[in-house]
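This is target.cif (mmCIF, C-alpha atoms).
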```cif
data_final
loop_
_atom_site.group_PDB
_atom_site.id
_atom_site.type_symbol
_atom_site.label_atom_id
_atom_site.label_comp_id
_atom_site.auth_asym_id
_atom_site.auth_seq_id
_atom_site.Cartn_x
_atom_site.Cartn_y
_atom_site.Cartn_z
ATOM 1 C CA MET A 1 28.632 224.864 267.117
ATOM 2 C CA ASP A 2 28.075 228.450 265.995
ATOM 3 C CA ALA A 3 25.922 230.724 268.107
ATOM 4 C CA ASP A 4 23.412 231.197 265.294
ATOM 5 C CA GLN A 5 22.803 227.490 264.780
ATOM 6 C CA ARG A 6 19.449 226.014 265.695
ATOM 7 C CA PRO A 7 19.283 224.287 269.076
ATOM 8 C CA ARG A 8 19.871 220.551 268.954
ATOM 9 C CA HIS A 9 16.470 218.939 269.389
ATOM 10 C CA PHE A 10 15.707 215.849 271.485
ATOM 11 C CA VAL A 11 12.430 213.958 271.248
ATOM 12 C CA PHE A 12 11.659 212.122 274.472
ATOM 13 C CA VAL A 13 9.286 209.207 273.966
ATOM 14 C CA LEU A 14 7.779 208.126 277.280
ATOM 15 C CA LEU A 15 6.908 204.437 277.292
ATOM 16 C CA ASP A 16 4.282 203.096 279.656
ATOM 17 C CA ASN A 17 5.718 202.567 283.160
ATOM 18 C CA PHE A 18 8.884 204.516 282.294
ATOM 19 C CA THR A 19 11.364 205.354 285.050
ATOM 20 C CA MET A 20 11.114 208.991 286.115
ATOM 21 C CA LEU A 21 14.756 209.247 287.132
ATOM 22 C CA CYS A 22 16.195 208.319 283.730
ATOM 23 C CA PHE A 23 13.924 210.885 282.036
ATOM 24 C CA SER A 24 14.333 213.737 284.519
ATOM 25 C CA ALA A 25 18.102 213.269 284.757
ATOM 26 C CA ALA A 26 18.424 213.616 280.984
ATOM 27 C CA ILE A 27 16.102 216.564 280.479
ATOM 28 C CA GLU A 28 17.445 218.483 283.503
ATOM 29 C CA SER A 29 20.980 218.171 282.141
ATOM 30 C CA LEU A 30 19.820 219.871 278.949
ATOM 31 C CA ARG A 31 17.932 222.578 280.846
ATOM 32 C CA ILE A 32 20.956 223.394 282.971
ATOM 33 C CA ALA A 33 23.188 223.521 279.880
ATOM 34 C CA ASN A 34 20.857 226.156 278.407
ATOM 35 C CA ARG A 35 20.840 228.126 281.674
ATOM 36 C CA THR A 36 24.616 227.933 281.977
ATOM 37 C CA ALA A 37 25.148 229.149 278.421
ATOM 38 C CA GLY A 38 22.563 231.905 278.720
ATOM 39 C CA ARG A 39 20.996 230.764 275.447
ATOM 40 C CA GLN A 40 19.128 227.815 274.038
ATOM 41 C CA LEU A 41 21.674 225.190 273.101
ATOM 42 C CA TYR A 42 19.107 222.394 273.305
ATOM 43 C CA SER A 43 15.371 222.046 272.812
ATOM 44 C CA TRP A 44 13.065 219.101 273.391
ATOM 45 C CA SER A 45 9.571 217.758 272.942
ATOM 46 C CA ILE A 46 7.808 214.926 274.721
ATOM 47 C CA LEU A 47 5.741 212.279 272.964
ATOM 48 C CA SER A 48 3.884 209.126 273.936
ATOM 49 C CA GLU A 49 1.852 206.513 272.173
ATOM 50 C CA GLY A 50 -1.613 208.040 272.167
ATOM 51 C CA GLY A 51 -0.323 211.581 272.523
ATOM 52 C CA THR A 52 -2.144 212.690 275.681
ATOM 53 C CA GLU A 53 -0.239 211.513 278.756
ATOM 54 C CA ALA A 54 2.226 208.928 280.055
ATOM 55 C CA THR A 55 2.395 207.224 283.433
ATOM 56 C CA CYS A 56 5.742 206.454 285.006
ATOM 57 C CA SER A 57 6.554 203.547 287.307
ATOM 58 C CA ASN A 58 5.994 205.577 290.490
ATOM 59 C CA GLY A 59 2.456 206.475 289.423
ATOM 60 C CA CYS A 60 3.047 210.098 288.391
ATOM 61 C CA VAL A 61 1.294 211.131 285.184
ATOM 62 C CA PHE A 62 2.937 213.417 282.618
ATOM 63 C CA LYS A 63 1.181 215.460 279.964
ATOM 64 C CA VAL A 64 2.954 215.165 276.630
ATOM 65 C CA ASP A 65 3.243 217.304 273.521
ATOM 66 C CA GLY A 66 1.781 214.794 271.112
ATOM 67 C CA ASP A 67 1.512 211.345 269.590
ATOM 68 C CA LEU A 68 4.182 209.452 267.669
ATOM 69 C CA SER A 69 4.692 211.464 264.485
ATOM 70 C CA ASP A 70 7.172 212.190 261.714
ATOM 71 C CA LEU A 71 10.307 213.855 263.034
ATOM 72 C CA SER A 72 13.050 216.032 261.606
ATOM 73 C CA ARG A 73 16.165 214.194 260.438
ATOM 74 C CA ASP A 74 18.240 216.250 262.846
ATOM 75 C CA ASP A 75 16.212 215.106 265.866
ATOM 76 C CA THR A 76 17.561 212.636 268.413
ATOM 77 C CA VAL A 77 15.001 210.141 269.697
ATOM 78 C CA MET A 78 15.252 209.388 273.426
ATOM 79 C CA LEU A 79 13.174 206.349 274.343
ATOM 80 C CA CYS A 80 12.480 206.251 278.084
ATOM 81 C CA GLY A 81 11.783 202.756 279.398
ATOM 82 C CA GLY A 82 11.129 201.275 282.801
ATOM 83 C CA LEU A 83 9.101 198.405 284.202
ATOM 84 C CA ASP A 84 7.361 195.751 282.077
ATOM 85 C CA ILE A 85 9.235 196.899 278.991
ATOM 86 C CA GLN A 86 7.974 193.952 276.925
ATOM 87 C CA ASP A 87 4.386 195.158 277.332
ATOM 88 C CA ALA A 88 5.339 198.768 276.639
ATOM 89 C CA THR A 89 7.020 197.720 273.371
ATOM 90 C CA THR A 90 3.977 197.703 271.137
ATOM 91 C CA LYS A 91 3.754 196.864 267.452
ATOM 92 C CA ARG A 92 2.871 200.454 266.603
ATOM 93 C CA LEU A 93 5.864 201.783 268.534
ATOM 94 C CA LEU A 94 8.216 199.336 266.781
ATOM 95 C CA ASN A 95 6.911 200.264 263.333
ATOM 96 C CA TRP A 96 7.298 203.966 264.079
ATOM 97 C CA LEU A 97 10.788 203.460 265.448
ATOM 98 C CA ARG A 98 11.956 201.445 262.428
ATOM 99 C CA LYS A 99 10.590 204.087 260.073
ATOM 100 C CA GLU A 100 12.385 206.934 261.850
ATOM 101 C CA ALA A 101 15.609 204.921 262.073
ATOM 102 C CA ARG A 102 15.517 204.243 258.318
ATOM 103 C CA ARG A 103 15.452 208.009 257.802
ATOM 104 C CA GLY A 104 18.795 208.234 259.624
ATOM 105 C CA LEU A 105 17.762 209.584 263.010
ATOM 106 C CA SER A 106 19.903 208.911 266.063
ATOM 107 C CA VAL A 107 18.051 206.751 268.581
ATOM 108 C CA ALA A 108 18.795 206.363 272.286
ATOM 109 C CA GLY A 109 17.292 203.884 274.730
ATOM 110 C CA LEU A 110 17.345 204.986 278.375
ATOM 111 C CA CYS A 111 17.099 202.389 281.146
ATOM 112 C CA THR A 112 15.269 199.337 279.736
ATOM 113 C CA ALA A 113 14.409 200.934 276.384
ATOM 114 C CA GLY A 114 17.427 199.204 274.877
ATOM 115 C CA TYR A 115 15.060 196.221 274.747
ATOM 116 C CA THR A 116 12.696 198.177 272.498
ATOM 117 C CA MET A 117 15.566 199.147 270.218
ATOM 118 C CA ALA A 118 16.715 195.527 270.018
ATOM 119 C CA ARG A 119 13.173 194.341 269.212
ATOM 120 C CA ALA A 120 13.107 196.858 266.381
ATOM 121 C CA GLY A 121 16.385 195.426 265.050
ATOM 122 C CA LEU A 122 18.282 198.663 265.662
ATOM 123 C CA LEU A 123 21.021 197.066 267.748
ATOM 124 C CA ASP A 124 21.965 194.073 265.598
ATOM 125 C CA GLY A 125 25.752 193.949 265.391
ATOM 126 C CA LYS A 126 26.010 196.913 267.769
ATOM 127 C CA ARG A 127 27.452 197.353 271.239
ATOM 128 C CA ALA A 128 24.794 198.189 273.799
ATOM 129 C CA THR A 129 23.886 198.170 277.470
ATOM 130 C CA ILE A 130 20.740 197.835 279.575
ATOM 131 C CA HIS A 131 19.891 197.901 283.272
ATOM 132 C CA TRP A 132 21.717 195.038 285.017
ATOM 133 C CA GLU A 133 18.436 193.476 286.189
ATOM 134 C CA ASN A 134 17.432 192.944 282.540
ATOM 135 C CA GLN A 135 20.765 191.690 281.238
ATOM 136 C CA ASP A 136 20.103 187.953 281.652
ATOM 137 C CA SER A 137 16.854 188.025 279.709
ATOM 138 C CA PHE A 138 18.307 190.373 277.072
ATOM 139 C CA ILE A 139 21.230 188.040 276.366
ATOM 140 C CA GLU A 140 18.876 185.099 275.927
ATOM 141 C CA GLU A 141 16.668 186.953 273.443
ATOM 142 C CA PHE A 142 19.086 189.066 271.396
ATOM 143 C CA GLU A 143 22.129 187.055 270.384
ATOM 144 C CA ASP A 144 23.155 189.518 267.663
ATOM 145 C CA VAL A 145 23.695 192.379 270.121
ATOM 146 C CA ASN A 146 27.071 192.811 271.822
ATOM 147 C CA LEU A 147 25.765 193.534 275.310
ATOM 148 C CA THR A 148 28.136 195.197 277.770
ATOM 149 C CA ARG A 149 27.866 196.159 281.425
ATOM 150 C CA SER A 150 28.805 199.770 280.733
ATOM 151 C CA VAL A 151 26.967 202.752 282.208
ATOM 152 C CA PHE A 152 26.210 203.913 278.671
ATOM 153 C CA VAL A 153 27.236 202.979 275.154
ATOM 154 C CA ILE A 154 27.404 205.105 272.008
ATOM 155 C CA ASP A 155 27.815 203.021 268.858
ATOM 156 C CA GLY A 156 27.387 205.269 265.846
ATOM 157 C CA ASN A 157 23.890 206.728 265.966
ATOM 158 C CA ARG A 158 22.643 204.076 268.413
ATOM 159 C CA ILE A 159 22.840 204.958 272.101
ATOM 160 C CA THR A 160 21.870 202.962 275.192
ATOM 161 C CA THR A 161 22.119 203.567 278.928
ATOM 162 C CA ALA A 162 21.829 201.415 282.022
ATOM 163 C CA GLY A 163 19.178 203.656 283.587
ATOM 164 C CA GLY A 164 18.974 205.914 286.623
ATOM 165 C CA THR A 165 21.745 208.469 286.884
ATOM 166 C CA ALA A 166 23.470 206.990 283.811
ATOM 167 C CA SER A 167 21.325 209.491 281.886
ATOM 168 C CA ILE A 168 23.400 212.272 283.440
ATOM 169 C CA ASP A 169 26.655 210.648 282.342
ATOM 170 C CA LEU A 170 25.339 210.268 278.801
ATOM 171 C CA MET A 171 24.087 213.837 278.549
ATOM 172 C CA LEU A 172 27.342 215.213 279.966
ATOM 173 C CA LYS A 173 29.199 213.277 277.265
ATOM 174 C CA ILE A 174 26.904 214.745 274.598
ATOM 175 C CA ILE A 175 27.313 218.268 276.010
ATOM 176 C CA ALA A 176 31.103 217.842 276.128
ATOM 177 C CA ASP A 177 31.159 216.671 272.498
ATOM 178 C CA ASP A 178 28.961 219.603 271.432
ATOM 179 C CA TYR A 179 30.373 222.444 273.545
ATOM 180 C CA GLY A 180 33.497 221.215 275.323
ATOM 181 C CA GLU A 181 34.538 219.687 278.631
ATOM 182 C CA GLU A 182 34.329 222.976 280.527
ATOM 183 C CA MET A 183 30.628 223.329 279.733
ATOM 184 C CA ALA A 184 29.960 219.700 280.722
ATOM 185 C CA ASN A 185 31.859 220.146 283.991
ATOM 186 C CA THR A 186 29.865 223.270 284.798
ATOM 187 C CA VAL A 187 26.607 221.394 284.238
ATOM 188 C CA ALA A 188 27.881 218.563 286.466
ATOM 189 C CA ASP A 189 28.686 221.077 289.212
ATOM 190 C CA MET A 190 25.181 222.553 288.966
ATOM 191 C CA LEU A 191 23.790 219.045 289.368
ATOM 192 C CA ILE A 192 26.083 218.414 292.385
ATOM 193 C CA TYR A 193 27.375 215.496 290.345
ATOM 194 C CA SER A 194 30.939 215.027 291.494
ATOM 195 C CA SER A 195 31.989 211.833 289.716
ATOM 196 C CA ILE A 196 31.347 211.815 285.975
ATOM 197 C CA ARG A 197 31.423 208.298 284.548
ATOM 198 C CA THR A 198 32.412 207.326 281.013
ATOM 199 C CA ASP A 199 31.430 204.449 278.756
ATOM 200 C CA GLN A 200 34.341 202.541 280.288
ATOM 201 C CA ASP A 201 32.659 202.462 283.713
ATOM 202 C CA THR A 202 30.441 199.551 284.664
ATOM 203 C CA GLN A 203 26.984 200.022 286.107
ATOM 204 C CA ARG A 204 27.133 197.710 289.142
ATOM 205 C CA LEU A 205 29.220 198.081 292.259
ATOM 206 C CA SER A 206 32.391 196.022 292.399
ATOM 207 C CA ILE A 207 32.023 192.641 294.073
ATOM 208 C CA PRO A 208 33.830 193.776 297.260
ATOM 209 C CA SER A 209 31.503 196.783 297.547
ATOM 210 C CA ARG A 210 28.424 194.667 296.831
ATOM 211 C CA ILE A 211 29.141 192.005 299.446
ATOM 212 C CA GLY A 212 30.764 194.402 301.908
ATOM 213 C CA VAL A 213 33.957 192.360 302.067
ATOM 214 C CA ARG A 214 37.367 193.144 300.615
ATOM 215 C CA HIS A 215 38.989 189.766 300.177
ATOM 216 C CA PRO A 216 40.595 189.197 296.758
ATOM 217 C CA LYS A 217 40.196 185.418 296.725
ATOM 218 C CA LEU A 218 36.554 185.583 297.788
ATOM 219 C CA SER A 219 35.860 188.217 295.115
ATOM 220 C CA ARG A 220 37.538 186.083 292.471
ATOM 221 C CA VAL A 221 35.476 183.012 293.356
ATOM 222 C CA ILE A 222 32.229 184.999 293.228
ATOM 223 C CA GLN A 223 33.264 186.443 289.871
ATOM 224 C CA LEU A 224 33.804 182.910 288.568
ATOM 225 C CA MET A 225 30.406 181.866 289.883
ATOM 226 C CA GLU A 226 28.637 184.804 288.240
ATOM 227 C CA SER A 227 30.363 184.056 284.931
ATOM 228 C CA ASN A 228 29.461 180.360 284.978
ATOM 229 C CA ILE A 229 25.762 180.076 285.763
ATOM 230 C CA GLU A 230 24.781 177.739 282.926
ATOM 231 C CA ASP A 231 27.670 175.350 283.603
ATOM 232 C CA PRO A 232 28.395 175.557 287.345
ATOM 233 C CA ILE A 233 31.950 174.937 288.522
ATOM 234 C CA SER A 234 32.516 172.521 291.394
ATOM 235 C CA PRO A 235 33.733 173.885 294.761
ATOM 236 C CA ALA A 236 36.932 171.879 294.340
ATOM 237 C CA LEU A 237 37.743 173.585 291.022
ATOM 238 C CA LEU A 238 36.806 176.998 292.401
ATOM 239 C CA ALA A 239 39.142 176.456 295.342
ATOM 240 C CA ARG A 240 41.954 175.293 293.076
ATOM 241 C CA GLU A 241 41.512 178.389 290.876
ATOM 242 C CA VAL A 242 42.377 180.670 293.812
ATOM 243 C CA GLY A 243 45.014 178.421 295.377
ATOM 244 C CA MET A 244 42.992 177.141 298.306
ATOM 245 C CA SER A 245 41.734 173.817 299.554
ATOM 246 C CA THR A 246 38.012 173.082 299.445
ATOM 247 C CA ARG A 247 37.885 173.233 303.235
ATOM 248 C CA GLN A 248 39.586 176.642 303.279
ATOM 249 C CA LEU A 249 37.093 177.926 300.700
ATOM 250 C CA GLU A 250 34.239 176.615 302.815
ATOM 251 C CA ARG A 251 35.569 178.443 305.883
ATOM 252 C CA LEU A 252 36.051 181.634 303.874
ATOM 253 C CA PHE A 253 32.408 181.690 302.764
ATOM 254 C CA ARG A 254 31.126 180.773 306.221
ATOM 255 C CA ARG A 255 33.157 183.533 307.825
ATOM 256 C CA TYR A 256 32.245 186.380 305.488
ATOM 257 C CA LEU A 257 28.901 185.366 303.950
ATOM 258 C CA ALA A 258 27.430 182.998 306.556
ATOM 259 C CA ARG A 259 26.701 180.322 303.975
ATOM 260 C CA SER A 260 28.541 177.623 302.087
ATOM 261 C CA PRO A 261 29.970 178.192 298.595
ATOM 262 C CA LYS A 262 27.416 175.709 297.280
ATOM 263 C CA ARG A 263 24.535 177.626 298.893
ATOM 264 C CA TYR A 264 25.784 180.985 297.608
ATOM 265 C CA TYR A 265 26.189 179.587 294.089
ATOM 266 C CA MET A 266 22.670 178.138 294.223
ATOM 267 C CA GLU A 267 21.237 181.508 295.231
ATOM 268 C CA LEU A 268 22.950 183.190 292.270
ATOM 269 C CA ARG A 269 21.511 180.616 289.877
ATOM 270 C CA LEU A 270 18.013 180.863 291.338
ATOM 271 C CA SER A 271 18.122 184.661 291.166
ATOM 272 C CA LYS A 272 18.923 184.495 287.461
ATOM 273 C CA ALA A 273 16.174 181.902 286.980
ATOM 274 C CA ARG A 274 13.626 184.205 288.602
ATOM 275 C CA ASN A 275 14.648 187.073 286.324
ATOM 276 C CA LEU A 276 14.245 184.862 283.255
ATOM 277 C CA LEU A 277 10.850 183.585 284.401
ATOM 278 C CA MET A 278 9.557 187.107 284.931
ATOM 279 C CA GLN A 279 11.154 188.853 281.954
ATOM 280 C CA THR A 280 11.107 186.309 279.118
ATOM 281 C CA ASP A 281 8.804 183.787 277.468
ATOM 282 C CA MET A 282 11.365 180.998 277.873
ATOM 283 C CA THR A 283 9.876 177.679 278.946
ATOM 284 C CA VAL A 284 10.526 176.575 282.499
ATOM 285 C CA ILE A 285 12.657 173.732 281.115
ATOM 286 C CA ASN A 286 14.841 176.147 279.144
ATOM 287 C CA VAL A 287 15.157 178.435 282.155
ATOM 288 C CA ALA A 288 16.306 175.462 284.210
ATOM 289 C CA LEU A 289 18.955 174.552 281.626
ATOM 290 C CA ALA A 290 20.127 178.177 281.316
ATOM 291 C CA CYS A 291 20.725 178.236 285.053
ATOM 292 C CA GLY A 292 22.631 174.985 285.320
ATOM 293 C CA PHE A 293 19.875 172.582 286.396
ATOM 294 C CA ALA A 294 20.000 169.214 284.671
ATOM 295 C CA SER A 295 16.344 168.378 285.321
ATOM 296 C CA PRO A 296 13.126 170.438 285.714
ATOM 297 C CA SER A 297 12.193 168.476 288.829
ATOM 298 C CA HIS A 298 15.435 169.393 290.617
ATOM 299 C CA PHE A 299 15.041 172.999 289.505
ATOM 300 C CA SER A 300 11.467 173.110 290.816
ATOM 301 C CA LYS A 301 12.497 171.589 294.144
ATOM 302 C CA CYS A 302 15.329 174.092 294.668
ATOM 303 C CA TYR A 303 13.168 177.001 293.537
ATOM 304 C CA ARG A 304 10.370 176.100 295.956
ATOM 305 C CA ALA A 305 12.817 175.734 298.847
ATOM 306 C CA HIS A 306 14.222 179.230 298.209
ATOM 307 C CA TYR A 307 11.177 181.235 297.063
ATOM 308 C CA ASP A 308 8.362 179.213 298.647
ATOM 309 C CA THR A 309 6.663 178.777 295.285
ATOM 310 C CA THR A 310 7.247 176.772 292.119
ATOM 311 C CA PRO A 311 8.646 178.167 288.865
ATOM 312 C CA TYR A 312 5.311 177.468 287.165
ATOM 313 C CA ARG A 313 3.363 179.397 289.809
ATOM 314 C CA GLU A 314 5.884 182.242 289.657
ATOM 315 C CA ARG A 315 5.384 182.511 285.918
ATOM 316 C CA GLY A 316 1.605 182.363 286.290
ATOM 317 C CA ALA A 317 1.502 184.944 289.079
ATOM 318 C CA HIS A 318 3.659 187.342 287.093
ATOM 319 C CA ALA A 319 1.458 186.906 284.004
ATOM 320 C CA ALA A 320 -1.629 187.627 286.109
ATOM 321 C CA ARG A 321 -0.125 190.943 287.237
ATOM 322 C CA GLN A 322 0.418 192.163 283.690
ATOM 323 C CA PRO A 323 -2.047 194.692 282.226
ATOM 324 C CA VAL A 324 -4.588 193.334 279.782
#
```
Turn this file's structure into structure tokens for me.
Amino acid sequence: MDADQRPRHFVFVLLDNFTMLCFSAAIESLRIANRTAGRQLYSWSILSEGGTEATCSNGCVFKVDGDLSDLSRDDTVMLCGGLDIQDATTKRLLNWLRKEARRGLSVAGLCTAGYTMARAGLLDGKRATIHWENQDSFIEEFEDVNLTRSVFVIDGNRITTAGGTASIDLMLKIIADDYGEEMANTVADMLIYSSIRTDQDTQRLSIPSRIGVRHPKLSRVIQLMESNIEDPISPALLAREVGMSTRQLERLFRRYLARSPKRYYMELRLSKARNLLMQTDMTVINVALACGFASPSHFSKCYRAHYDTTPYRERGAHAARQPV
């Protein structure tokens, strides 16, 4: 860009219960780029529905510059999501977002705001990402979106991130595209950010890092389990896949994870079920089927044994916690 060009403008839209980290990481990257360059490369404004203030998930309240309004075609919209994204995705917000998108604006969804973009129809046929905790429910609801596990995804003028420090990786990519790798690296150094990730990096730790065990066969079995929640694979087939006997597989899990393969697999399925119950409107029966349970009664029995409550009570308790 030429020195006399106008600063690139970002419009941060703070959704109710947004995550502070995803917002601050993005805006600080822009601030430091300006400071590093000694001139204003980037500018920004902050909006919210209502136009007075926005409350993030840790309870801090931010004053904003204004309400949802018409933007310049050169603006980039940065939706900042967080907890209870379904409730934060209001009809008015969706209508405004669709209108601005039709005018050709680039739209980014930070953290869980990819959900809002998908609800608005902005991600149909696009590659996207969202925080790993929301991936199960997202896949169930938005079949036309090619969801990945990447830290961030840029598909044309649609951008999504996985949340948290992924905002830094995205902004460093944008800065590098605008002003070169040297500028982006300088900003990263100012942030004490020593490992810049790309859109090829995945957001979760590798299985060995997550479970604290580096055993290739154990990692492979867990990968197979995580990829086959709806149609669970028998321990015998899992063992055969990694060239072990069922008894050897049993000993492997007992030694490193202090539970049987069957128990570990059940916990994975129940964890996904809990996410779906709390993040979607799927019926309990459909949640059970999506998590590999042939009958609601068996699902309810297993769920109660693990979480000390029933799926129906879990759904009801979560609904009761939602704002009116």
CA of Thr112 (chain A) and CA of Gly82 (chain A) are how many Å apart?
->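 Pair CA of Thr112 (chain A) / CA of Gly82 (chain A) returns 5.5 Å.
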Which region 129-247 of chain A residues have any atom within 12 Å of an atom of region 292-304 of chain A, and for each, what is the nearest pair of atoms with distance in Å to one decimal, counting all atoms listed in the file, rows sorted by chain and number, as CSV?
```
residue,atom,partner,partner_atom,distance
A:Met225,CA,A:Gly292,CA,11.3
A:Glu226,CA,A:Gly292,CA,11.9
A:Ser227,CA,A:Gly292,CA,11.9
A:Asn228,CA,A:Gly292,CA,8.7
A:Ile229,CA,A:Gly292,CA,6.0
A:Glu230,CA,A:Gly292,CA,4.2
A:Asp231,CA,A:Gly292,CA,5.3
A:Pro232,CA,A:Gly292,CA,6.1
A:Ile233,CA,A:Gly292,CA,9.9
A:Ser234,CA,A:Gly292,CA,11.9
```
Written as a PyMOL selection string, which residues does the PyMOL selection byres ((chain A and resi 24) around 12) give for the file shown?
-> chain A and resi 12+14+18-23+25-32+46+56+62+78+80+110+163-168+171+191
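Relative to CA of Ser72 (chain A), CA of Leu123 (chain A) is found at 21.5 Å.
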Using all atoms of region 101-112 of chain A listed in the file and a margin of 5 Å per side, can you give the axis-aligned box centre and edge lengths in Å to one decimal, as JSON?
```
{"center_x": 17.6, "center_y": 204.5, "center_z": 269.5, "size_x": 14.6, "size_y": 20.2, "size_z": 33.3}
```
Can you list, as a list in words, the residues that the PyMOL selection byres ((chain A and resi 115) around 9) selects here?
->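 Expected selection for the PyMOL selection byres ((chain A and resi 115) around 9) here is Gly81, Ile85, Gln86, Thr89, Gly109, Thr112, Ala113, Gly114, Thr116, Met117, Ala118, Arg119, Ala120, Ile130, Asn134, Phe138 and Phe142 of chain A.
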Give me the residues within 10 Å of region 90-99 of chain A as a PyMOL selection string, counting all atoms listed in the file and dropping any in the same chain fewer than 3 places off.
-> chain A and resi 13+15+48-49+68-70+77+79+85-87+102-105+107+116-122
CA of Asp281 (chain A) to CA of Arg127 (chain A), distance in Å rounded to a single decimal = 23.9 Å
Expanded to explicit residues, what is the PyMOL selection byres ((chain A and resi 39) around 12) for this file, as a list in words?
->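 Residues picked by the PyMOL selection byres ((chain A and resi 39) around 12): Ala3, Asp4, Gln5, Arg6, Pro7, Leu30, Arg31, Ile32, Ala33, Asn34, Arg35, Thr36, Ala37, Gly38, Gln40, Leu41, Tyr42 and Ser43 of chain A.
Take the candidates A:Val213, A:Ala188, A:Ala239, A:Val11 and check each one against Leu172 (chain A) using all atoms listed in the file; the shortest distance goes to A:Ala188.
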In terms of the shortest atom-to-atom distance over all atoms listed in the file, which of A:Val153, A:Leu252, A:Ile175, A:Ala236 is closest to Gln200 (chain A)?
->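 The closest residue to Gln200 (chain A) is A:Val153.
Using all atoms listed in the file, the nearest neighbour of Arg313 (chain A) within the list A:Met278, A:Arg240, A:Ser219, A:Lys262 is A:Met278.
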Nearest to Val64 (chain A) by atom-to-atom distance, counting all atoms listed in the file, from A:Leu47, A:Ala258, A:Ile174, A:Val284 |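 Once distances to Val64 (chain A) are computed over all atoms listed in the file, the minimum belongs to A:Leu47.
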